[in-house]
$ cat start.cif   # mmCIF, C-alpha atoms
data_coords
loop_
_atom_site.label_atom_id
_atom_site.label_comp_id
_atom_site.auth_asym_id
_atom_site.auth_seq_id
_atom_site.Cartn_x
_atom_site.Cartn_y
_atom_site.Cartn_z
CA MET A 2 131.85 114.52 126.82
CA LYS A 3 129.29 112.80 129.02
CA ILE A 4 125.52 112.89 128.57
CA ARG A 5 122.72 111.64 130.77
CA LEU A 6 120.39 109.34 128.83
CA LEU A 7 116.81 108.71 129.93
CA ALA A 8 114.61 106.09 128.27
CA PHE A 9 110.92 105.71 129.03
CA ALA A 10 108.45 102.82 128.64
CA SER A 11 109.34 100.51 125.70
CA ALA A 12 112.54 102.47 125.03
CA GLY A 13 113.69 101.73 128.57
CA ASP A 14 112.95 98.04 128.09
CA ALA A 15 115.00 97.95 124.87
CA LEU A 16 117.85 99.85 126.51
CA GLY A 17 117.79 97.65 129.60
CA THR A 18 117.65 100.67 131.91
CA THR A 19 115.69 103.88 132.35
CA GLU A 20 118.74 106.02 133.07
CA THR A 21 122.42 105.79 132.20
CA GLU A 22 125.44 107.92 131.45
CA ILE A 23 127.12 107.72 128.04
CA GLU A 24 130.41 109.19 126.90
CA MET A 25 130.44 110.59 123.35
CA PRO A 26 133.12 112.35 121.29
CA ASP A 27 133.05 116.15 121.26
CA GLY A 28 130.95 117.50 118.41
CA SER A 29 128.60 114.51 118.35
CA ARG A 30 124.99 114.95 117.25
CA VAL A 31 121.77 113.10 118.00
CA SER A 32 122.32 110.99 114.87
CA ASP A 33 125.70 109.87 116.24
CA LEU A 34 124.08 108.89 119.53
CA ARG A 35 121.48 106.90 117.65
CA ASP A 36 124.19 105.04 115.72
CA ARG A 37 125.93 104.24 119.01
CA LEU A 38 122.71 102.98 120.59
CA ASP A 39 121.86 100.89 117.53
CA ARG A 40 125.23 99.14 117.83
CA ASP A 41 124.97 98.58 121.57
CA HIS A 42 121.22 97.94 121.81
CA PRO A 43 119.78 96.43 118.60
CA GLY A 44 116.36 96.16 120.24
CA LEU A 45 115.94 99.91 119.83
CA ALA A 46 116.00 99.72 116.01
CA PRO A 47 112.29 98.91 115.44
CA LEU A 48 111.26 101.63 117.90
CA TRP A 49 112.93 104.63 116.22
CA PRO A 50 110.01 105.45 113.88
CA ARG A 51 107.86 105.93 117.01
CA LEU A 52 110.41 107.70 119.22
CA ALA A 53 110.90 111.39 119.80
CA VAL A 54 114.26 112.59 121.12
CA ALA A 55 114.35 115.45 123.61
CA VAL A 56 117.46 117.35 124.72
CA ASP A 57 117.09 119.13 128.03
CA GLY A 58 113.31 118.92 127.73
CA ARG A 59 112.97 120.05 124.09
CA VAL A 60 112.22 117.75 121.15
CA VAL A 61 115.01 118.02 118.58
CA SER A 62 115.95 116.68 115.15
CA ALA A 63 118.66 114.15 114.31
CA ASP A 64 121.21 116.87 113.50
CA ALA A 65 120.97 118.57 116.91
CA GLU A 66 124.39 118.96 118.52
CA LEU A 67 125.09 117.32 121.86
CA LYS A 68 127.01 119.08 124.63
CA ASP A 69 128.72 117.90 127.78
CA GLY A 70 126.35 117.41 130.70
CA ILE A 71 123.08 117.55 128.76
CA GLU A 72 120.12 115.28 129.34
CA VAL A 73 118.79 113.27 126.38
CA ALA A 74 115.42 111.50 126.64
CA LEU A 75 113.96 108.81 124.37
CA LEU A 76 110.20 109.33 124.28
CA PRO A 77 107.76 106.71 122.94
CA PRO A 78 104.20 107.84 122.12
CA VAL A 79 102.04 108.44 125.18
CA SER A 80 98.81 106.53 125.70
CA GLY A 81 96.06 108.09 123.61
CA GLY A 82 98.31 109.82 121.10
CA THR A 83 101.45 109.66 118.95
CA GLU A 84 104.42 111.89 118.33
CA ALA A 85 104.24 113.39 114.87
CA CYS A 86 106.41 111.23 112.63
CA ALA A 87 108.44 113.65 110.53
CA ASP A 88 112.15 113.93 109.91
CA LEU A 89 114.92 115.53 107.86
CA VAL A 90 117.79 113.23 106.89
CA ASP A 91 121.17 113.76 105.25
CA GLY A 92 121.37 110.45 103.40
CA PRO A 93 119.15 107.90 101.67
CA ILE A 94 115.64 107.65 103.12
CA ASP A 95 114.60 104.41 104.81
CA THR A 96 111.18 103.91 103.20
CA GLY A 97 110.56 100.79 105.26
CA GLN A 98 110.77 102.74 108.49
CA ALA A 99 108.23 105.25 107.25
CA VAL A 100 105.85 102.45 106.25
CA ALA A 101 106.32 100.71 109.61
CA ALA A 102 105.48 103.94 111.42
CA VAL A 103 102.03 104.19 109.80
CA SER A 104 101.08 100.53 109.46
CA GLY A 105 98.76 98.70 111.84
CA PRO A 106 96.22 95.86 111.96
CA GLY A 107 93.33 98.30 111.67
CA ARG A 108 94.77 100.21 108.71
CA GLY A 109 93.86 98.37 105.55
CA ALA A 110 95.30 101.02 103.22
CA VAL A 111 98.92 102.14 103.20
CA VAL A 112 99.80 104.69 100.50
CA VAL A 113 103.46 105.55 99.88
CA PHE A 114 104.54 108.51 97.75
CA LEU A 115 108.18 108.68 96.63
CA GLY A 116 109.38 111.96 95.18
CA THR A 117 112.45 111.05 93.13
CA VAL A 118 114.94 113.18 91.22
CA ARG A 119 114.20 113.44 87.48
CA ASP A 120 116.99 113.39 84.92
CA HIS A 121 115.66 116.45 83.09
CA HIS A 122 113.88 119.78 83.54
CA ALA A 123 112.66 122.19 80.86
CA GLY A 124 114.57 120.25 78.22
CA ARG A 125 117.88 120.30 80.11
CA PRO A 126 119.57 117.11 81.40
CA VAL A 127 119.78 117.15 85.20
CA ALA A 128 122.69 115.44 86.98
CA LYS A 129 121.53 115.85 90.60
CA LEU A 130 119.70 118.12 93.03
CA THR A 131 120.88 119.76 96.23
CA TYR A 132 118.33 120.50 98.95
CA SER A 133 118.85 122.97 101.77
CA ALA A 134 116.52 123.95 104.60
CA TYR A 135 116.03 126.14 107.61
CA ARG A 136 116.05 122.99 109.71
CA PRO A 137 114.24 123.95 112.95
CA MET A 138 111.39 125.64 111.11
CA ALA A 139 111.18 122.94 108.43
CA LEU A 140 111.02 120.13 110.98
CA GLU A 141 108.37 121.91 113.01
CA GLY A 142 106.36 122.52 109.83
CA LEU A 143 106.52 118.86 108.81
CA ARG A 144 105.34 117.81 112.26
CA ARG A 145 102.48 120.29 112.03
CA ILE A 146 101.36 118.81 108.70
CA VAL A 147 101.46 115.28 110.12
CA ALA A 148 99.51 116.31 113.22
CA ASP A 149 96.85 118.08 111.13
CA LEU A 150 96.40 115.07 108.84
CA GLU A 151 96.04 112.69 111.75
CA ALA A 152 93.56 114.97 113.50
CA ALA A 153 91.38 115.17 110.37
CA HIS A 154 90.86 111.41 109.95
CA ARG A 155 90.12 108.79 112.58
CA ASP A 156 92.95 106.27 113.07
CA LEU A 157 94.99 107.72 110.20
CA ARG A 158 98.76 107.83 110.65
CA ALA A 159 101.18 109.87 108.54
CA ALA A 160 104.94 110.01 108.14
CA ILE A 161 106.98 112.51 106.11
CA VAL A 162 110.74 112.24 105.61
CA HIS A 163 112.67 114.70 103.45
CA ARG A 164 116.29 114.33 102.39
CA LEU A 165 118.72 117.24 102.43
CA GLY A 166 122.06 117.71 100.70
CA GLU A 167 122.93 116.14 97.36
CA VAL A 168 120.40 113.69 95.90
CA PRO A 169 121.38 111.80 92.72
CA VAL A 170 119.01 111.16 89.84
CA SER A 171 116.43 108.41 90.53
CA GLU A 172 116.89 108.54 94.32
CA ALA A 173 114.10 109.71 96.62
CA SER A 174 114.16 113.23 97.99
CA VAL A 175 110.92 112.82 99.96
CA VAL A 176 108.80 109.94 101.24
CA ILE A 177 105.23 110.38 102.41
CA ALA A 178 103.59 107.32 103.98
CA ILE A 179 99.94 107.26 105.00
CA GLY A 180 98.17 104.44 106.83
CA SER A 181 94.38 104.50 107.09
CA PRO A 182 91.44 102.12 107.56
CA HIS A 183 90.20 103.15 104.09
CA ARG A 184 92.02 104.01 100.85
CA ALA A 185 90.10 107.21 100.04
CA ALA A 186 91.36 108.96 103.17
CA ALA A 187 94.89 107.65 102.56
CA TYR A 188 95.01 108.99 98.99
CA GLU A 189 93.57 112.34 100.06
CA ALA A 190 96.01 112.74 102.94
CA SER A 191 99.00 111.84 100.75
CA ARG A 192 98.13 114.50 98.20
CA THR A 193 97.42 117.09 100.88
CA ALA A 194 100.74 116.36 102.59
CA LEU A 195 102.72 116.91 99.38
CA GLU A 196 100.94 120.13 98.40
CA ARG A 197 101.34 121.58 101.89
CA LEU A 198 105.00 120.57 102.01
CA LYS A 199 105.65 122.38 98.73
CA ALA A 200 103.80 125.51 99.84
CA GLU A 201 104.70 125.83 103.52
CA ILE A 202 108.04 124.23 104.35
CA PRO A 203 111.31 126.21 104.05
CA ILE A 204 113.19 123.72 101.90
CA TRP A 205 114.86 124.83 98.69
CA LYS A 206 116.41 122.92 95.83
CA ARG A 207 119.24 123.67 93.45
CA GLU A 208 119.32 121.89 90.10
CA HIS A 209 122.71 120.80 88.78
CA TYR A 210 122.72 120.31 85.01
CA ALA A 211 124.81 117.95 82.94
CA ASP A 212 126.68 120.90 81.37
CA GLY A 213 127.98 121.98 84.78
CA GLU A 214 125.60 124.89 85.35
CA ALA A 215 123.27 125.08 88.36
CA ALA A 216 120.21 127.10 89.33
CA TRP A 217 117.92 127.50 92.33
CA ARG A 218 114.32 126.53 91.63
CA GLU A 219 112.63 129.36 93.51
CA GLU A 220 111.55 131.70 90.73
CA GLU A 221 108.06 130.26 90.15
CA PRO A 222 104.98 132.15 91.45
CA LEU A 223 103.94 131.62 95.04
CA VAL A 224 101.07 129.28 95.83
CA ASP A 225 98.14 131.00 97.56
CA THR A 226 98.94 130.23 101.19
CA THR A 227 99.17 131.92 104.56
CA SER A 228 102.85 131.05 104.65
CA THR A 229 105.33 133.78 103.73
CA ILE A 230 108.02 131.27 102.81
CA SER A 231 108.90 130.81 99.15
CA PRO A 232 107.55 127.34 98.35
CA LEU A 233 109.53 124.25 97.50
CA ARG A 234 109.18 123.29 93.84
CA ARG A 235 109.70 119.92 92.14
#

$ encode --input "start.cif" --output "structure tokens"
Amino acid sequence: MKIRLLAFASAGDALGTTETEIEMPDGSRVSDLRDRLDRDHPGLAPLWPRLAVAVDGRVVSADAELKDGIEVALLPPVSGGTEACADLVDGPIDTGQAVAAVSGPGRGAVVVFLGTVRDHHAGRPVAKLTYSAYRPMALEGLRRIVADLEAAHRDLRAAIVHRLGEVPVSEASVVIAIGSPHRAAAYEASRTALERLKAEIPIWKREHYADGEAAWREEEPLVDTTSTISPLRR
């Protein structure tokens, strides 16, 4: 299948053109297109934490399916604002990218929270976790949290990346990176981001125990929130 690729501003410079046509295998997703572009245009790699990807005029996540004849646009932040940096991934999280997305010469404090998989719960050995999500709603919710945090503090930048699928013990299931001129705001925003993620975002986890049994962790009481979604629990 063929797609029309548009690249604006710095993305166009890295691509070497503002418009091109690319042929991709049937069934490809945005993540596959990104892999292809990374191979063909290495200069795009440092820009991805700042880029939004739109398909036919609508911002989408990395798992969005591509179809023949669609238009894909690479969108850097516009002057005076940034695209909310939030993502759902199906493999190990690149913590460095999250840190790069929030760092800057005027931000003297960068706080990074890693939520990793414990090897036990309630006295039972845990082998791994499996996370599932209602992807469109979860991604939109993560972007909303990031936008709210950035609006509440001057020159603060936030990034939230959550992993889906199987996550082994000791690996990160979520990374929250906050960059701020001052540490107090960075610490506050990091905590707020995690608590809101747990209460508002439709992501669920299933614990797999060493004895072969498994259970969804959704039985705990709801947090007091305007959301009607059963909260994520860690």

$ residues_around --input "start.cif" --residues "Ala99 of chain A" --least-positions-apart "6" --cutoff "12 Å" --atoms "all atoms listed in the file" --output "mmCIF file with C-alpha atoms, in the frame of the given file"
data_model
loop_
_atom_site.group_PDB
_atom_site.id
_atom_site.type_symbol
_atom_site.label_atom_id
_atom_site.label_comp_id
_atom_site.auth_asym_id
_atom_site.auth_seq_id
_atom_site.Cartn_x
_atom_site.Cartn_y
_atom_site.Cartn_z
ATOM 1 C CA PRO A 47 112.290 98.910 115.440
ATOM 2 C CA LEU A 48 111.260 101.630 117.900
ATOM 3 C CA TRP A 49 112.930 104.630 116.220
ATOM 4 C CA PRO A 50 110.010 105.450 113.880
ATOM 5 C CA ARG A 51 107.860 105.930 117.010
ATOM 6 C CA ALA A 85 104.240 113.390 114.870
ATOM 7 C CA CYS A 86 106.410 111.230 112.630
ATOM 8 C CA ALA A 87 108.440 113.650 110.530
ATOM 9 C CA ASP A 88 112.150 113.930 109.910
ATOM 10 C CA VAL A 111 98.920 102.140 103.200
ATOM 11 C CA VAL A 112 99.800 104.690 100.500
ATOM 12 C CA VAL A 113 103.460 105.550 99.880
ATOM 13 C CA PHE A 114 104.540 108.510 97.750
ATOM 14 C CA LEU A 115 108.180 108.680 96.630
ATOM 15 C CA ARG A 158 98.760 107.830 110.650
ATOM 16 C CA ALA A 159 101.180 109.870 108.540
ATOM 17 C CA ALA A 160 104.940 110.010 108.140
ATOM 18 C CA ILE A 161 106.980 112.510 106.110
ATOM 19 C CA VAL A 162 110.740 112.240 105.610
ATOM 20 C CA HIS A 163 112.670 114.700 103.450
ATOM 21 C CA VAL A 175 110.920 112.820 99.960
ATOM 22 C CA VAL A 176 108.800 109.940 101.240
ATOM 23 C CA ILE A 177 105.230 110.380 102.410
ATOM 24 C CA ALA A 178 103.590 107.320 103.980
ATOM 25 C CA ILE A 179 99.940 107.260 105.000
ATOM 26 C CA GLY A 180 98.170 104.440 106.830
#

$ atom_distance --input "start.cif" --atom1 "atom CA of Ser171 of chain A" --atom2 "atom CA of His209 of chain A"
14.0 Å

$ resolve_selection --input "start.cif" --expression "the PyMOL selection byres ((chain A and resi 73) around 10)" --output "PyMOL selection string"
chain A and resi 4-8+20+22+31+34+54-61+67+70-72+74-76

$ closest_residue --input "start.cif" --among "A:Glu172, A:Asp39, A:Asp64, A:Glu196" --to "Gly116 of chain A" --atoms "all atoms listed in the file"
A:Glu172

$ atom_distance --input "start.cif" --atom1 "atom CA of Glu141 of chain A" --atom2 "atom CA of Ala53 of chain A"
12.8 Å

$ atom_distance --input "start.cif" --atom1 "atom CA of Arg207 of chain A" --atom2 "atom CA of Gly28 of chain A"
28.3 Å

$ closest_residue --input "start.cif" --among "A:Arg108, A:Ile202, A:Lys129, A:Arg197" --to "Leu157 of chain A" --atoms "only C-alpha atoms"
A:Arg108

$ closest_residue --input "start.cif" --among "A:Ala110, A:Met25, A:Val90, A:Leu195" --to "His183 of chain A" --atoms "all atoms listed in the file"
A:Ala110

$ closest_residue --input "start.cif" --among "A:Pro26, A:Gly213, A:Pro182, A:Pro169" --to "Pro106 of chain A" --atoms "only C-alpha atoms"
A:Pro182

$ residues_around --input "start.cif" --residues "Pro126 of chain A" --least-positions-apart "6" --cutoff "12 Å" --atoms "all atoms listed in the file" --output "JSON, numbers by chain"
{"A": [118, 119, 120, 170, 208, 209, 210, 211, 212, 213, 214, 215]}

$ closest_residue --input "start.cif" --among "A:Ile204, A:Gly109, A:Ala101, A:Ser62" --to "Tyr135 of chain A" --atoms "all atoms listed in the file"
A:Ile204

$ residues_around --input "start.cif" --residues "Met2 of chain A" --least-positions-apart "3" --cutoff "6 Å" --atoms "only C-alpha atoms" --output "VMD selection string"
chain A and resid 24 to 25 27 69

$ closest_residue --input "start.cif" --among "A:His42, A:His121, A:Arg155, A:Lys68" --to "Gly107 of chain A" --atoms "all atoms listed in the file"
A:Arg155

$ resolve_selection --input "start.cif" --expression "the PyMOL selection byres ((chain A and resi 168) around 10)" --output "ChimeraX atom specification"
/A:91-93,117-118,128-132,164-167,169-174

$ write_last_selection --input "start.cif" --atoms "C-alpha atoms" --output "CSV table (one decimal), in the frame of the given file"
chain,number,residue,atom,x,y,z
A,91,ASP,CA,121.2,113.8,105.2
A,92,GLY,CA,121.4,110.4,103.4
A,93,PRO,CA,119.2,107.9,101.7
A,117,THR,CA,112.4,111.0,93.1
A,118,VAL,CA,114.9,113.2,91.2
A,128,ALA,CA,122.7,115.4,87.0
A,129,LYS,CA,121.5,115.8,90.6
A,130,LEU,CA,119.7,118.1,93.0
A,131,THR,CA,120.9,119.8,96.2
A,132,TYR,CA,118.3,120.5,99.0
A,164,ARG,CA,116.3,114.3,102.4
A,165,LEU,CA,118.7,117.2,102.4
A,166,GLY,CA,122.1,117.7,100.7
A,167,GLU,CA,122.9,116.1,97.4
A,169,PRO,CA,121.4,111.8,92.7
A,170,VAL,CA,119.0,111.2,89.8
A,171,SER,CA,116.4,108.4,90.5
A,172,GLU,CA,116.9,108.5,94.3
A,173,ALA,CA,114.1,109.7,96.6
A,174,SER,CA,114.2,113.2,98.0
